[in-house]
file my_file_0.cif (mmCIF, C-alpha atoms)
data_work
#
loop_
_atom_site.label_atom_id
_atom_site.label_comp_id
_atom_site.auth_asym_id
_atom_site.auth_seq_id
_atom_site.Cartn_x
_atom_site.Cartn_y
_atom_site.Cartn_z
CA MET Y 149 -6.20 -49.24 -1.03
CA SER Y 150 -4.78 -48.66 -4.49
CA THR Y 151 -6.38 -48.49 -7.92
CA VAL Y 152 -5.63 -50.85 -10.79
CA ILE Y 153 -6.07 -49.56 -14.34
CA LEU Y 154 -6.41 -52.15 -17.11
CA SER Y 155 -6.18 -51.15 -20.76
CA ASP Y 156 -4.45 -52.19 -23.97
CA ALA Y 157 -3.43 -50.71 -27.31
CA ARG Y 158 -5.50 -53.41 -29.04
CA PHE Y 159 -8.65 -51.54 -28.02
CA SER Y 160 -7.78 -48.58 -30.22
CA ALA Y 161 -7.11 -50.82 -33.22
CA HIS Y 162 -10.85 -51.60 -33.25
CA THR Y 163 -12.21 -48.47 -34.94
CA TRP Y 164 -14.41 -47.51 -37.88
CA TYR Y 165 -14.02 -44.13 -39.54
CA GLY Y 166 -16.87 -41.77 -38.68
CA HIS Y 167 -18.43 -44.04 -36.06
CA PRO Y 168 -19.03 -42.48 -32.60
CA GLU Y 169 -17.63 -45.58 -30.87
CA CYS Y 170 -14.08 -45.07 -32.08
CA ALA Y 171 -10.47 -45.03 -30.90
CA ASP Y 172 -10.70 -41.32 -30.04
CA ARG Y 173 -12.76 -42.24 -26.98
CA LEU Y 174 -10.04 -44.20 -25.25
CA ASP Y 175 -7.36 -41.80 -26.51
CA ALA Y 176 -9.22 -38.96 -24.76
CA ILE Y 177 -9.22 -40.84 -21.46
CA MET Y 178 -5.54 -41.76 -21.72
CA GLU Y 179 -4.62 -38.16 -22.53
CA ALA Y 180 -6.64 -36.98 -19.55
CA ILE Y 181 -4.83 -39.45 -17.28
CA ALA Y 182 -1.44 -38.40 -18.66
CA THR Y 183 -2.10 -34.73 -17.83
CA SER Y 184 -3.88 -35.37 -14.51
CA GLY Y 185 -0.82 -35.93 -12.35
CA LEU Y 186 -2.25 -39.27 -11.23
CA THR Y 187 -0.11 -41.62 -13.30
CA ASP Y 188 2.40 -42.44 -10.56
CA ASP Y 189 -0.42 -43.33 -8.15
CA LEU Y 190 -2.05 -45.86 -10.46
CA HIS Y 191 -1.12 -49.50 -10.85
CA SER Y 192 -1.32 -50.29 -14.56
CA VAL Y 193 -1.92 -53.94 -15.40
CA ALA Y 194 -1.76 -55.37 -18.91
CA PRO Y 195 -4.84 -57.53 -19.48
CA THR Y 196 -4.75 -61.00 -20.95
CA GLU Y 197 -7.37 -62.30 -23.31
CA ALA Y 198 -10.41 -63.87 -21.68
CA PRO Y 199 -10.24 -67.67 -21.97
CA GLU Y 200 -12.80 -69.33 -24.18
CA LYS Y 201 -14.37 -71.02 -21.16
CA ALA Y 202 -15.11 -67.60 -19.62
CA LEU Y 203 -16.66 -66.35 -22.88
CA LEU Y 204 -18.80 -69.48 -23.25
CA ALA Y 205 -20.09 -68.98 -19.71
CA VAL Y 206 -22.16 -66.05 -21.04
CA HIS Y 207 -22.28 -66.37 -24.86
CA THR Y 208 -23.26 -69.05 -27.34
CA PRO Y 209 -20.55 -70.78 -29.41
CA ASP Y 210 -22.32 -69.56 -32.55
CA LEU Y 211 -22.01 -65.89 -31.58
CA LEU Y 212 -18.32 -66.23 -30.77
CA TRP Y 213 -17.69 -68.08 -34.04
CA ARG Y 214 -19.48 -65.38 -36.06
CA ILE Y 215 -17.51 -62.53 -34.46
CA ARG Y 216 -14.18 -64.30 -34.90
CA HIS Y 217 -14.99 -65.47 -38.43
CA LEU Y 218 -16.16 -62.10 -39.74
CA SER Y 219 -13.25 -60.34 -38.07
CA SER Y 220 -10.77 -62.74 -39.67
CA PHE Y 221 -12.13 -61.74 -43.10
CA GLY Y 222 -11.55 -58.06 -42.43
CA GLY Y 223 -14.82 -57.22 -40.67
CA GLY Y 224 -18.03 -55.54 -41.77
CA GLN Y 225 -21.35 -54.34 -40.40
CA ILE Y 226 -23.21 -56.63 -37.98
CA ASP Y 227 -26.13 -54.20 -37.94
CA GLY Y 228 -26.65 -50.49 -38.52
CA ASP Y 229 -24.86 -49.62 -35.27
CA THR Y 230 -22.28 -52.34 -34.80
CA TYR Y 231 -19.14 -52.99 -36.81
CA LEU Y 232 -16.22 -55.39 -36.96
CA THR Y 233 -12.72 -54.83 -38.31
CA TYR Y 234 -9.81 -57.20 -38.73
CA ASP Y 235 -8.67 -56.22 -35.22
CA SER Y 236 -12.03 -56.49 -33.48
CA TRP Y 237 -11.84 -60.08 -32.25
CA ASP Y 238 -8.57 -59.43 -30.44
CA ALA Y 239 -9.92 -56.17 -29.00
CA ALA Y 240 -13.09 -57.87 -27.78
CA VAL Y 241 -11.45 -60.84 -26.06
CA TYR Y 242 -8.84 -58.61 -24.42
CA ALA Y 243 -11.58 -56.21 -23.30
CA ALA Y 244 -13.38 -59.12 -21.65
CA GLY Y 245 -10.02 -60.20 -20.21
CA ALA Y 246 -9.51 -56.72 -18.75
CA ALA Y 247 -12.91 -56.94 -17.05
CA VAL Y 248 -11.91 -60.32 -15.60
CA GLY Y 249 -8.63 -58.79 -14.43
CA ALA Y 250 -10.56 -55.99 -12.71
CA VAL Y 251 -12.46 -58.61 -10.70
CA ASP Y 252 -9.21 -60.36 -9.81
CA ALA Y 253 -7.80 -57.04 -8.57
CA ALA Y 254 -10.89 -56.23 -6.51
CA LEU Y 255 -10.84 -59.68 -4.90
CA ALA Y 256 -7.08 -59.90 -4.34
CA ARG Y 257 -5.66 -60.81 -0.93
CA GLN Y 258 -4.80 -57.13 -0.53
CA PRO Y 259 -8.02 -55.69 -1.97
CA LYS Y 260 -7.74 -53.04 -4.64
CA ASN Y 261 -10.39 -51.32 -6.64
CA ALA Y 262 -10.07 -51.30 -10.41
CA PHE Y 263 -11.13 -49.55 -13.59
CA ALA Y 264 -11.09 -51.50 -16.87
CA LEU Y 265 -10.74 -48.89 -19.63
CA VAL Y 266 -11.94 -51.00 -22.52
CA ARG Y 267 -13.34 -50.90 -26.03
CA PRO Y 268 -15.58 -52.12 -27.53
CA PRO Y 269 -18.21 -51.70 -24.82
CA GLY Y 270 -20.27 -54.70 -23.84
CA HIS Y 271 -23.56 -54.24 -22.00
CA HIS Y 272 -25.81 -54.59 -25.08
CA ALA Y 273 -24.31 -57.92 -26.17
CA THR Y 274 -26.80 -60.70 -25.40
CA PRO Y 275 -25.97 -64.41 -25.15
CA ASN Y 276 -26.44 -64.84 -28.91
CA ARG Y 277 -26.26 -61.36 -30.45
CA ALA Y 278 -23.73 -58.56 -30.86
CA MET Y 279 -25.50 -55.18 -31.02
CA GLY Y 280 -25.43 -51.55 -29.93
CA PHE Y 281 -21.68 -51.09 -30.57
CA CYS Y 282 -21.04 -54.17 -28.34
CA LEU Y 283 -19.48 -57.50 -29.30
CA ILE Y 284 -18.82 -59.40 -26.05
CA ASN Y 285 -20.49 -58.53 -22.76
CA ASN Y 286 -17.43 -57.61 -20.72
CA ILE Y 287 -19.12 -57.02 -17.38
CA ALA Y 288 -21.15 -60.22 -17.67
CA VAL Y 289 -17.98 -62.22 -18.33
CA ALA Y 290 -16.46 -60.56 -15.25
CA ALA Y 291 -19.46 -61.26 -13.02
CA ARG Y 292 -19.66 -64.90 -14.10
CA HIS Y 293 -15.92 -65.20 -13.42
CA ALA Y 294 -16.50 -63.89 -9.89
CA LEU Y 295 -19.18 -66.51 -9.31
CA ASN Y 296 -17.34 -69.45 -10.88
CA ARG Y 297 -13.72 -68.74 -9.95
CA TYR Y 298 -14.20 -67.29 -6.47
CA GLY Y 299 -17.45 -68.94 -5.45
CA LEU Y 300 -19.16 -65.67 -4.56
CA ARG Y 301 -22.78 -65.99 -3.55
CA ARG Y 302 -23.93 -62.47 -4.45
CA VAL Y 303 -22.61 -60.06 -7.09
CA ALA Y 304 -24.29 -56.75 -7.93
CA ILE Y 305 -24.01 -54.84 -11.20
CA VAL Y 306 -25.03 -51.18 -11.38
CA ASP Y 307 -25.32 -49.78 -14.91
CA TYR Y 308 -25.58 -45.98 -15.13
CA ASP Y 309 -25.07 -45.76 -18.89
CA VAL Y 310 -27.82 -43.75 -20.59
CA HIS Y 311 -28.91 -46.90 -22.47
CA HIS Y 312 -30.45 -49.95 -20.85
CA GLY Y 313 -28.00 -52.82 -20.46
CA ASN Y 314 -30.26 -55.31 -22.19
CA GLY Y 315 -27.52 -57.87 -22.78
CA THR Y 316 -26.46 -57.96 -19.14
CA GLN Y 317 -30.09 -58.30 -18.09
CA ASP Y 318 -30.70 -61.17 -20.52
CA ILE Y 319 -27.62 -63.06 -19.35
CA PHE Y 320 -28.54 -62.89 -15.66
CA TYR Y 321 -32.34 -62.70 -15.78
CA ASP Y 322 -32.73 -66.12 -14.16
CA GLU Y 323 -29.59 -65.93 -11.95
CA PRO Y 324 -30.48 -65.32 -8.28
CA ARG Y 325 -26.84 -64.63 -7.36
CA VAL Y 326 -26.61 -61.50 -9.54
CA LEU Y 327 -28.51 -58.29 -8.86
CA PHE Y 328 -28.67 -56.13 -12.00
CA ILE Y 329 -29.66 -52.47 -11.57
CA SER Y 330 -30.00 -50.17 -14.58
CA THR Y 331 -30.79 -46.46 -14.70
CA HIS Y 332 -31.54 -45.44 -18.28
CA ALA Y 333 -33.42 -43.00 -20.47
CA SER Y 334 -36.82 -44.21 -21.63
CA PRO Y 335 -38.09 -44.51 -24.28
CA PHE Y 336 -34.67 -44.87 -25.85
CA TYR Y 337 -32.42 -47.45 -27.49
CA PRO Y 338 -32.67 -50.47 -27.24
CA GLY Y 339 -36.31 -50.19 -26.10
CA THR Y 340 -35.96 -52.61 -23.19
CA GLY Y 341 -35.69 -52.14 -19.44
CA MET Y 342 -39.29 -51.73 -18.31
CA MET Y 343 -40.13 -51.57 -14.62
CA SER Y 344 -42.04 -54.84 -14.94
CA GLU Y 345 -38.86 -56.72 -15.93
CA VAL Y 346 -37.79 -57.91 -12.46
CA GLY Y 347 -36.25 -61.34 -13.07
CA THR Y 348 -37.56 -64.81 -13.79
CA PRO Y 349 -40.28 -65.92 -11.33
CA GLY Y 350 -38.81 -68.06 -8.58
CA PRO Y 351 -35.45 -67.58 -6.87
CA ALA Y 352 -34.41 -64.82 -9.33
CA ALA Y 353 -37.56 -62.73 -8.88
CA GLY Y 354 -36.47 -59.26 -7.83
CA THR Y 355 -32.85 -59.58 -8.95
CA THR Y 356 -33.41 -57.23 -11.90
CA LEU Y 357 -34.17 -53.62 -11.02
CA ASN Y 358 -34.90 -51.38 -13.98
CA ILE Y 359 -35.21 -47.65 -13.41
CA PRO Y 360 -36.42 -46.13 -16.70
CA LEU Y 361 -36.23 -42.34 -16.50
CA PRO Y 362 -37.77 -39.54 -18.59
CA PHE Y 363 -35.49 -37.44 -20.75
CA GLY Y 364 -33.77 -34.53 -19.04
CA VAL Y 365 -33.08 -36.00 -15.60
CA GLY Y 366 -30.05 -34.25 -14.16
CA ASP Y 367 -27.95 -34.18 -11.02
CA ALA Y 368 -30.73 -33.79 -8.46
CA GLY Y 369 -32.95 -36.43 -10.06
CA TYR Y 370 -30.18 -39.02 -10.34
CA ALA Y 371 -29.13 -38.34 -6.74
CA GLN Y 372 -32.72 -38.97 -5.66
CA VAL Y 373 -32.86 -42.22 -7.64
CA PHE Y 374 -29.66 -43.47 -6.04
CA ALA Y 375 -30.76 -42.48 -2.54
CA GLU Y 376 -34.29 -43.92 -2.77
CA LEU Y 377 -33.82 -46.93 -5.06
CA VAL Y 378 -30.24 -47.96 -5.82
CA ALA Y 379 -28.77 -47.74 -2.31
CA PRO Y 380 -31.72 -49.47 -0.57
CA ALA Y 381 -31.70 -52.25 -3.19
CA LEU Y 382 -27.99 -52.88 -2.72
CA ARG Y 383 -28.39 -52.91 1.07
CA ARG Y 384 -31.22 -55.43 0.77
CA PHE Y 385 -29.17 -57.70 -1.55
CA ARG Y 386 -25.84 -57.30 0.33
CA PRO Y 387 -23.39 -58.12 -2.52
CA GLU Y 388 -19.91 -59.48 -1.93
CA LEU Y 389 -18.65 -57.59 -5.00
CA LEU Y 390 -19.96 -54.51 -6.78
CA LEU Y 391 -19.40 -54.05 -10.52
CA VAL Y 392 -20.25 -50.84 -12.37
CA SER Y 393 -21.10 -50.48 -16.04
CA ALA Y 394 -19.57 -47.02 -16.29
CA GLY Y 395 -21.28 -45.31 -19.20
CA TYR Y 396 -20.76 -41.54 -19.31
CA ASP Y 397 -23.32 -40.80 -22.01
CA SER Y 398 -25.85 -39.47 -19.49
CA HIS Y 399 -23.68 -36.35 -19.35
CA TRP Y 400 -25.32 -33.18 -20.64
CA LYS Y 401 -22.57 -32.71 -23.26
CA ASP Y 402 -23.04 -36.17 -24.77
CA PRO Y 403 -24.19 -35.95 -28.41
CA LEU Y 404 -26.19 -39.20 -28.24
CA GLY Y 405 -27.84 -39.12 -24.82
CA PRO Y 406 -30.89 -37.07 -23.72
CA MET Y 407 -29.97 -36.71 -20.03
CA THR Y 408 -28.43 -33.71 -18.23
CA LEU Y 409 -26.00 -35.11 -15.67
CA SER Y 410 -22.91 -33.00 -15.07
CA THR Y 411 -19.47 -34.27 -14.16
CA THR Y 412 -20.33 -33.27 -10.58
CA GLY Y 413 -23.51 -35.34 -10.82
CA TYR Y 414 -21.57 -38.38 -12.03
CA THR Y 415 -19.08 -37.80 -9.21
CA HIS Y 416 -21.90 -38.03 -6.68
CA LEU Y 417 -23.19 -41.32 -8.15
CA THR Y 418 -19.70 -42.80 -8.23
CA SER Y 419 -18.97 -41.68 -4.69
CA CYS Y 420 -22.22 -43.28 -3.51
CA LEU Y 421 -21.26 -46.60 -5.11
CA ILE Y 422 -17.74 -46.55 -3.64
CA ASP Y 423 -19.19 -45.82 -0.19
CA LEU Y 424 -21.73 -48.63 -0.58
CA ALA Y 425 -18.94 -51.03 -1.58
CA LYS Y 426 -17.07 -50.08 1.61
CA GLU Y 427 -20.23 -50.59 3.65
CA LEU Y 428 -21.38 -53.85 2.09
CA CYS Y 429 -18.45 -55.71 0.50
CA GLN Y 430 -15.14 -54.62 2.02
CA GLY Y 431 -14.59 -51.98 -0.65
CA ARG Y 432 -14.57 -54.55 -3.45
CA ILE Y 433 -15.60 -52.57 -6.51
CA ALA Y 434 -14.61 -52.57 -10.18
CA PHE Y 435 -15.66 -50.18 -12.93
CA ILE Y 436 -15.94 -51.33 -16.55
CA LEU Y 437 -16.12 -48.63 -19.23
CA GLU Y 438 -19.25 -48.63 -21.40
CA GLY Y 439 -20.54 -45.63 -23.39
CA GLY Y 440 -19.73 -41.93 -23.50
CA TYR Y 441 -19.31 -40.01 -26.77
CA SER Y 442 -18.38 -36.48 -25.78
CA LEU Y 443 -14.61 -36.68 -25.58
CA GLU Y 444 -14.47 -33.82 -23.09
CA ALA Y 445 -17.06 -35.36 -20.79
CA LEU Y 446 -15.57 -38.83 -21.16
CA GLY Y 447 -12.14 -37.63 -20.06
CA ALA Y 448 -13.50 -35.48 -17.23
CA CYS Y 449 -15.78 -38.19 -15.80
CA SER Y 450 -13.12 -40.88 -16.06
CA ILE Y 451 -10.58 -38.75 -14.19
CA ALA Y 452 -13.15 -37.89 -11.51
CA THR Y 453 -13.90 -41.60 -11.10
CA ILE Y 454 -10.22 -42.48 -10.82
CA ARG Y 455 -9.62 -39.74 -8.25
CA LEU Y 456 -12.48 -41.06 -6.13
CA LEU Y 457 -11.16 -44.62 -6.40
CA LEU Y 458 -7.83 -43.31 -5.11
CA GLY Y 459 -9.62 -41.83 -2.12
CA ARG Y 460 -9.20 -38.22 -3.23
CA GLU Y 461 -11.48 -35.30 -3.95
CA SER Y 462 -12.92 -35.47 -7.45
CA GLY Y 463 -11.62 -32.05 -8.45
CA PRO Y 464 -13.45 -29.09 -10.04
CA ASP Y 465 -16.08 -29.54 -12.73
CA LEU Y 466 -14.62 -27.53 -15.58
CA LEU Y 467 -17.51 -28.35 -17.92
CA GLY Y 468 -20.20 -26.82 -15.70
CA VAL Y 469 -23.88 -27.65 -15.52
CA PRO Y 470 -26.69 -27.09 -18.05
CA HIS Y 471 -28.97 -24.10 -17.52
CA THR Y 472 -32.11 -26.22 -17.47
CA PRO Y 473 -34.17 -27.55 -14.57
CA GLY Y 474 -33.79 -31.31 -14.37
CA THR Y 475 -36.80 -33.53 -14.93
CA ASN Y 476 -38.30 -34.85 -11.69
CA PRO Y 477 -38.20 -38.69 -11.47
CA SER Y 478 -40.43 -38.89 -8.36
CA PRO Y 479 -43.36 -40.60 -10.18
CA GLN Y 480 -41.06 -43.35 -11.47
CA ILE Y 481 -39.47 -43.79 -8.04
CA ALA Y 482 -42.84 -44.08 -6.32
CA MET Y 483 -44.10 -46.65 -8.81
CA ILE Y 484 -40.99 -48.82 -8.49
CA ARG Y 485 -41.04 -48.69 -4.69
CA GLN Y 486 -44.68 -49.74 -4.77
CA ARG Y 487 -44.29 -52.66 -7.20
CA HIS Y 488 -40.77 -54.08 -7.12
CA PRO Y 489 -40.14 -57.20 -4.96
CA LEU Y 490 -36.99 -55.69 -3.42
CA PHE Y 491 -39.09 -53.02 -1.72
CA ALA Y 492 -41.83 -55.31 -0.43
CA ASP Y 493 -42.28 -55.21 3.34
#
call {"tool": "encode", "arguments": {"input": "my_file_0.cif", "output": "structure tokens"}}
result
Amino acid sequence: MSTVILSDARFSAHTWYGHPECADRLDAIMEAIATSGLTDDLHSVAPTEAPEKALLAVHTPDLLWRIRHLSSFGGGQIDGDTYLTYDSWDAAVYAAGAAVGAVDAALARQPKNAFALVRPPGHHATPNRAMGFCLINNIAVAARHALNRYGLRRVAIVDYDVHHGNGTQDIFYDEPRVLFISTHASPFYPGTGMMSEVGTPGPAAGTTLNIPLPFGVGDAGYAQVFAELVAPALRRFRPELLLVSAGYDSHWKDPLGPMTLSTTGYTHLTSCLIDLAKELCQGRIAFILEGGYSLEALGACSIATIRLLLGRESGPDLLGVPHTPGTNPSPQIAMIRQRHPLFAD
């Protein structure tokens, strides 16, 4: 097993001065890789732009036209959070292409795992709206590619970004072949992701699993959520491919997120998902970068993830843990296990 890294200089060209979702984020990860001693063990692949057909499989023509058109005129603000520059269209379609390439790597004849280090992020982009720093929904394009190109019957997406992946949910809410699981702070942006949102009634009922968590959940609470909800749900669904929306803004150092995960806590979640991929889908797993706005935490968590993908120990947590007791998510866990279709006897 080897690890494919997909990234491109175009991603850093998409940046807006003073915005938290900026080129510094990817620069921090690349610097961390360069000083990690892992470079020679990674297989770097240059992504290609996602074909229009792949983009149209998840987004409306009108949305794609608006992003491309506004970008061609130099960019501007889509909303209070989301911007475009002259370089943003290229960055967005190559980011989606990198996510597609990560799926291709994971499903290759000699299976490899992969990490698409992309910007802009994607999980808030809905079929017809760019929002929440996101232009094109990279992981949704990748999942649809897995279904259409490879004929997979079951793909799972786990999103551990601090924000709910509302766009990914919207795209697959009536798709019985995709299980979408999101752990997220609640109430928090974008205000979606309630427990009651479980998928469209019928064949897709139960294929959305939202795990809204109170502020302050840390390592022990997230580990409990993964042990009692995420792992059993994945075992019930039995995916042929596991995709991860890798948002590192649940880290305690993140300036935007209200959670208290440490790098060690993220390492545990990532290790659980890699082990589940080995158990359920021949190790086929791909990570797609989402949020994370502490440059220190972003670099540390990315390196820990890459080390685990390479089959190594994650290394020491140099950032430490917060000196606060984590919030207990047991009430949320009990309610979900009682009400969600995936946990029905």
call {"tool": "resolve_selection", "arguments": {"input": "my_file_0.cif", "expression": "the PyMOL selection byres ((chain Y and resi 259) around 9)", "output": "PyMOL selection string"}}
result
chain Y and resi 149-150+253-258+260-261+430-432
call {"tool": "residues_near_point", "arguments": {"input": "my_file_0.cif", "point": "(-37.3, -36.1, -16.9)", "cutoff": "10 Å", "atoms": "all atoms listed in the file", "output": "PyMOL selection string"}}
result
chain Y and resi 333-334+361-366+369+406-408+473-478+480
call {"tool": "atom_distance", "arguments": {"input": "my_file_0.cif", "atom1": "CA of Ala294 (chain Y)", "atom2": "CA of Gly249 (chain Y)"}}
result
10.4 Å
call {"tool": "residues_near_point", "arguments": {"input": "my_file_0.cif", "point": "(-37.8, -54.0, -6.0)", "cutoff": "8 Å", "atoms": "all atoms listed in the file", "output": "PyMOL selection string"}}
result
chain Y and resi 346+354+357+381+484-485+487-492
call {"tool": "write_last_selection", "arguments": {"input": "my_file_0.cif", "atoms": "C-alpha atoms", "output": "PDB file, in the coordinates of the input"}}
result
ATOM      1  CA  VAL Y 346     -37.790 -57.910 -12.460  1.00  0.00           C
ATOM      2  CA  GLY Y 354     -36.470 -59.260  -7.830  1.00  0.00           C
ATOM      3  CA  LEU Y 357     -34.170 -53.620 -11.020  1.00  0.00           C
ATOM      4  CA  ALA Y 381     -31.700 -52.250  -3.190  1.00  0.00           C
ATOM      5  CA  ILE Y 484     -40.990 -48.820  -8.490  1.00  0.00           C
ATOM      6  CA  ARG Y 485     -41.040 -48.690  -4.690  1.00  0.00           C
ATOM      7  CA  ARG Y 487     -44.290 -52.660  -7.200  1.00  0.00           C
ATOM      8  CA  HIS Y 488     -40.770 -54.080  -7.120  1.00  0.00           C
ATOM      9  CA  PRO Y 489     -40.140 -57.200  -4.960  1.00  0.00           C
ATOM     10  CA  LEU Y 490     -36.990 -55.690  -3.420  1.00  0.00           C
ATOM     11  CA  PHE Y 491     -39.090 -53.020  -1.720  1.00  0.00           C
ATOM     12  CA  ALA Y 492     -41.830 -55.310  -0.430  1.00  0.00           C
TER      13      ALA Y 492
END
call {"tool": "closest_residue", "arguments": {"input": "my_file_0.cif", "among": "Y:Arg277, Y:Arg173, Y:His271, Y:Lys201", "to": "Ile226 (chain Y)", "atoms": "only C-alpha atoms"}}
result
Y:Arg277
call {"tool": "resolve_selection", "arguments": {"input": "my_file_0.cif", "expression": "the PyMOL selection byres ((chain Y and resi 306) around 8)", "output": "JSON, numbers by chain"}}
result
{"Y": [304, 305, 307, 308, 328, 329, 330, 390, 391, 392, 393]}
call {"tool": "axis_aligned_box", "arguments": {"input": "my_file_0.cif", "around": "region 362-373 of chain Y", "padding_each_side": "5 Å", "output": "AutoDock Vina command-line options"}}
result
--center_x -32.9 --center_y -38.0 --center_z -13.2 --size_x 19.8 --size_y 18.4 --size_z 25.1
call {"tool": "resolve_selection", "arguments": {"input": "my_file_0.cif", "expression": "the PyMOL selection byres ((chain Y and resi 250) around 7)", "output": "PDB file with C-alpha atoms, keeping the file's coordinate frame"}}
result
ATOM      1  CA  ALA Y 246      -9.510 -56.720 -18.750  1.00  0.00           C
ATOM      2  CA  ALA Y 247     -12.910 -56.940 -17.050  1.00  0.00           C
ATOM      3  CA  VAL Y 248     -11.910 -60.320 -15.600  1.00  0.00           C
ATOM      4  CA  GLY Y 249      -8.630 -58.790 -14.430  1.00  0.00           C
ATOM      5  CA  VAL Y 251     -12.460 -58.610 -10.700  1.00  0.00           C
ATOM      6  CA  ASP Y 252      -9.210 -60.360  -9.810  1.00  0.00           C
ATOM      7  CA  ALA Y 253      -7.800 -57.040  -8.570  1.00  0.00           C
ATOM      8  CA  ALA Y 254     -10.890 -56.230  -6.510  1.00  0.00           C
ATOM      9  CA  ALA Y 262     -10.070 -51.300 -10.410  1.00  0.00           C
ATOM     10  CA  PHE Y 263     -11.130 -49.550 -13.590  1.00  0.00           C
ATOM     11  CA  ALA Y 264     -11.090 -51.500 -16.870  1.00  0.00           C
ATOM     12  CA  ALA Y 434     -14.610 -52.570 -10.180  1.00  0.00           C
TER      13      ALA Y 434
END
call {"tool": "decode", "arguments": {"input": "my_file_0.cif", "residues": "region 277-293 of chain Y", "atoms": "N, CA and C atoms", "output": "PDB file, in the first residue's frame"}}
result
ATOM      1  N   ARG Y 277     -25.745  26.325  -5.441  1.00  0.00           N
ATOM      2  CA  ARG Y 277     -25.257  27.477  -4.681  1.00  0.00           C
ATOM      3  C   ARG Y 277     -23.836  27.253  -4.185  1.00  0.00           C
ATOM      4  N   ALA Y 278     -22.968  28.243  -4.415  1.00  0.00           N
ATOM      5  CA  ALA Y 278     -21.650  28.291  -3.788  1.00  0.00           C
ATOM      6  C   ALA Y 278     -21.787  29.068  -2.484  1.00  0.00           C
ATOM      7  N   MET Y 279     -21.204  28.530  -1.395  1.00  0.00           N
ATOM      8  CA  MET Y 279     -21.369  29.167  -0.086  1.00  0.00           C
ATOM      9  C   MET Y 279     -20.332  28.607   0.880  1.00  0.00           C
ATOM     10  N   GLY Y 280     -20.166  29.281   2.021  1.00  0.00           N
ATOM     11  CA  GLY Y 280     -19.312  28.768   3.076  1.00  0.00           C
ATOM     12  C   GLY Y 280     -17.883  28.514   2.646  1.00  0.00           C
ATOM     13  N   PHE Y 281     -17.288  29.416   1.879  1.00  0.00           N
ATOM     14  CA  PHE Y 281     -15.932  29.320   1.338  1.00  0.00           C
ATOM     15  C   PHE Y 281     -15.846  28.348   0.163  1.00  0.00           C
ATOM     16  N   CYS Y 282     -16.926  27.647  -0.176  1.00  0.00           N
ATOM     17  CA  CYS Y 282     -16.887  26.527  -1.137  1.00  0.00           C
ATOM     18  C   CYS Y 282     -17.520  26.920  -2.471  1.00  0.00           C
ATOM     19  N   LEU Y 283     -16.905  26.476  -3.557  1.00  0.00           N
ATOM     20  CA  LEU Y 283     -17.404  26.770  -4.897  1.00  0.00           C
ATOM     21  C   LEU Y 283     -17.994  25.530  -5.553  1.00  0.00           C
ATOM     22  N   ILE Y 284     -17.208  24.473  -5.664  1.00  0.00           N
ATOM     23  CA  ILE Y 284     -17.644  23.198  -6.230  1.00  0.00           C
ATOM     24  C   ILE Y 284     -17.473  22.135  -5.153  1.00  0.00           C
ATOM     25  N   ASN Y 285     -18.425  21.222  -5.065  1.00  0.00           N
ATOM     26  CA  ASN Y 285     -18.382  20.207  -4.018  1.00  0.00           C
ATOM     27  C   ASN Y 285     -17.464  19.066  -4.453  1.00  0.00           C
ATOM     28  N   ASN Y 286     -16.205  19.173  -4.046  1.00  0.00           N
ATOM     29  CA  ASN Y 286     -15.177  18.244  -4.517  1.00  0.00           C
ATOM     30  C   ASN Y 286     -15.488  16.794  -4.173  1.00  0.00           C
ATOM     31  N   ILE Y 287     -15.873  16.538  -2.931  1.00  0.00           N
ATOM     32  CA  ILE Y 287     -16.085  15.154  -2.519  1.00  0.00           C
ATOM     33  C   ILE Y 287     -17.340  14.571  -3.167  1.00  0.00           C
ATOM     34  N   ALA Y 288     -18.330  15.409  -3.443  1.00  0.00           N
ATOM     35  CA  ALA Y 288     -19.519  14.920  -4.137  1.00  0.00           C
ATOM     36  C   ALA Y 288     -19.194  14.555  -5.581  1.00  0.00           C
ATOM     37  N   VAL Y 289     -18.381  15.385  -6.239  1.00  0.00           N
ATOM     38  CA  VAL Y 289     -17.944  15.051  -7.598  1.00  0.00           C
ATOM     39  C   VAL Y 289     -17.203  13.719  -7.583  1.00  0.00           C
ATOM     40  N   ALA Y 290     -16.354  13.517  -6.572  1.00  0.00           N
ATOM     41  CA  ALA Y 290     -15.584  12.279  -6.471  1.00  0.00           C
ATOM     42  C   ALA Y 290     -16.484  11.077  -6.236  1.00  0.00           C
ATOM     43  N   ALA Y 291     -17.449  11.213  -5.340  1.00  0.00           N
ATOM     44  CA  ALA Y 291     -18.347  10.096  -5.044  1.00  0.00           C
ATOM     45  C   ALA Y 291     -19.198   9.737  -6.253  1.00  0.00           C
ATOM     46  N   ARG Y 292     -19.705  10.747  -6.947  1.00  0.00           N
ATOM     47  CA  ARG Y 292     -20.511  10.473  -8.143  1.00  0.00           C
ATOM     48  C   ARG Y 292     -19.662   9.822  -9.221  1.00  0.00           C
ATOM     49  N   HIS Y 293     -18.407  10.219  -9.324  1.00  0.00           N
ATOM     50  CA  HIS Y 293     -17.472   9.585 -10.260  1.00  0.00           C
ATOM     51  C   HIS Y 293     -17.302   8.103  -9.923  1.00  0.00           C
TER      52      HIS Y 293
END
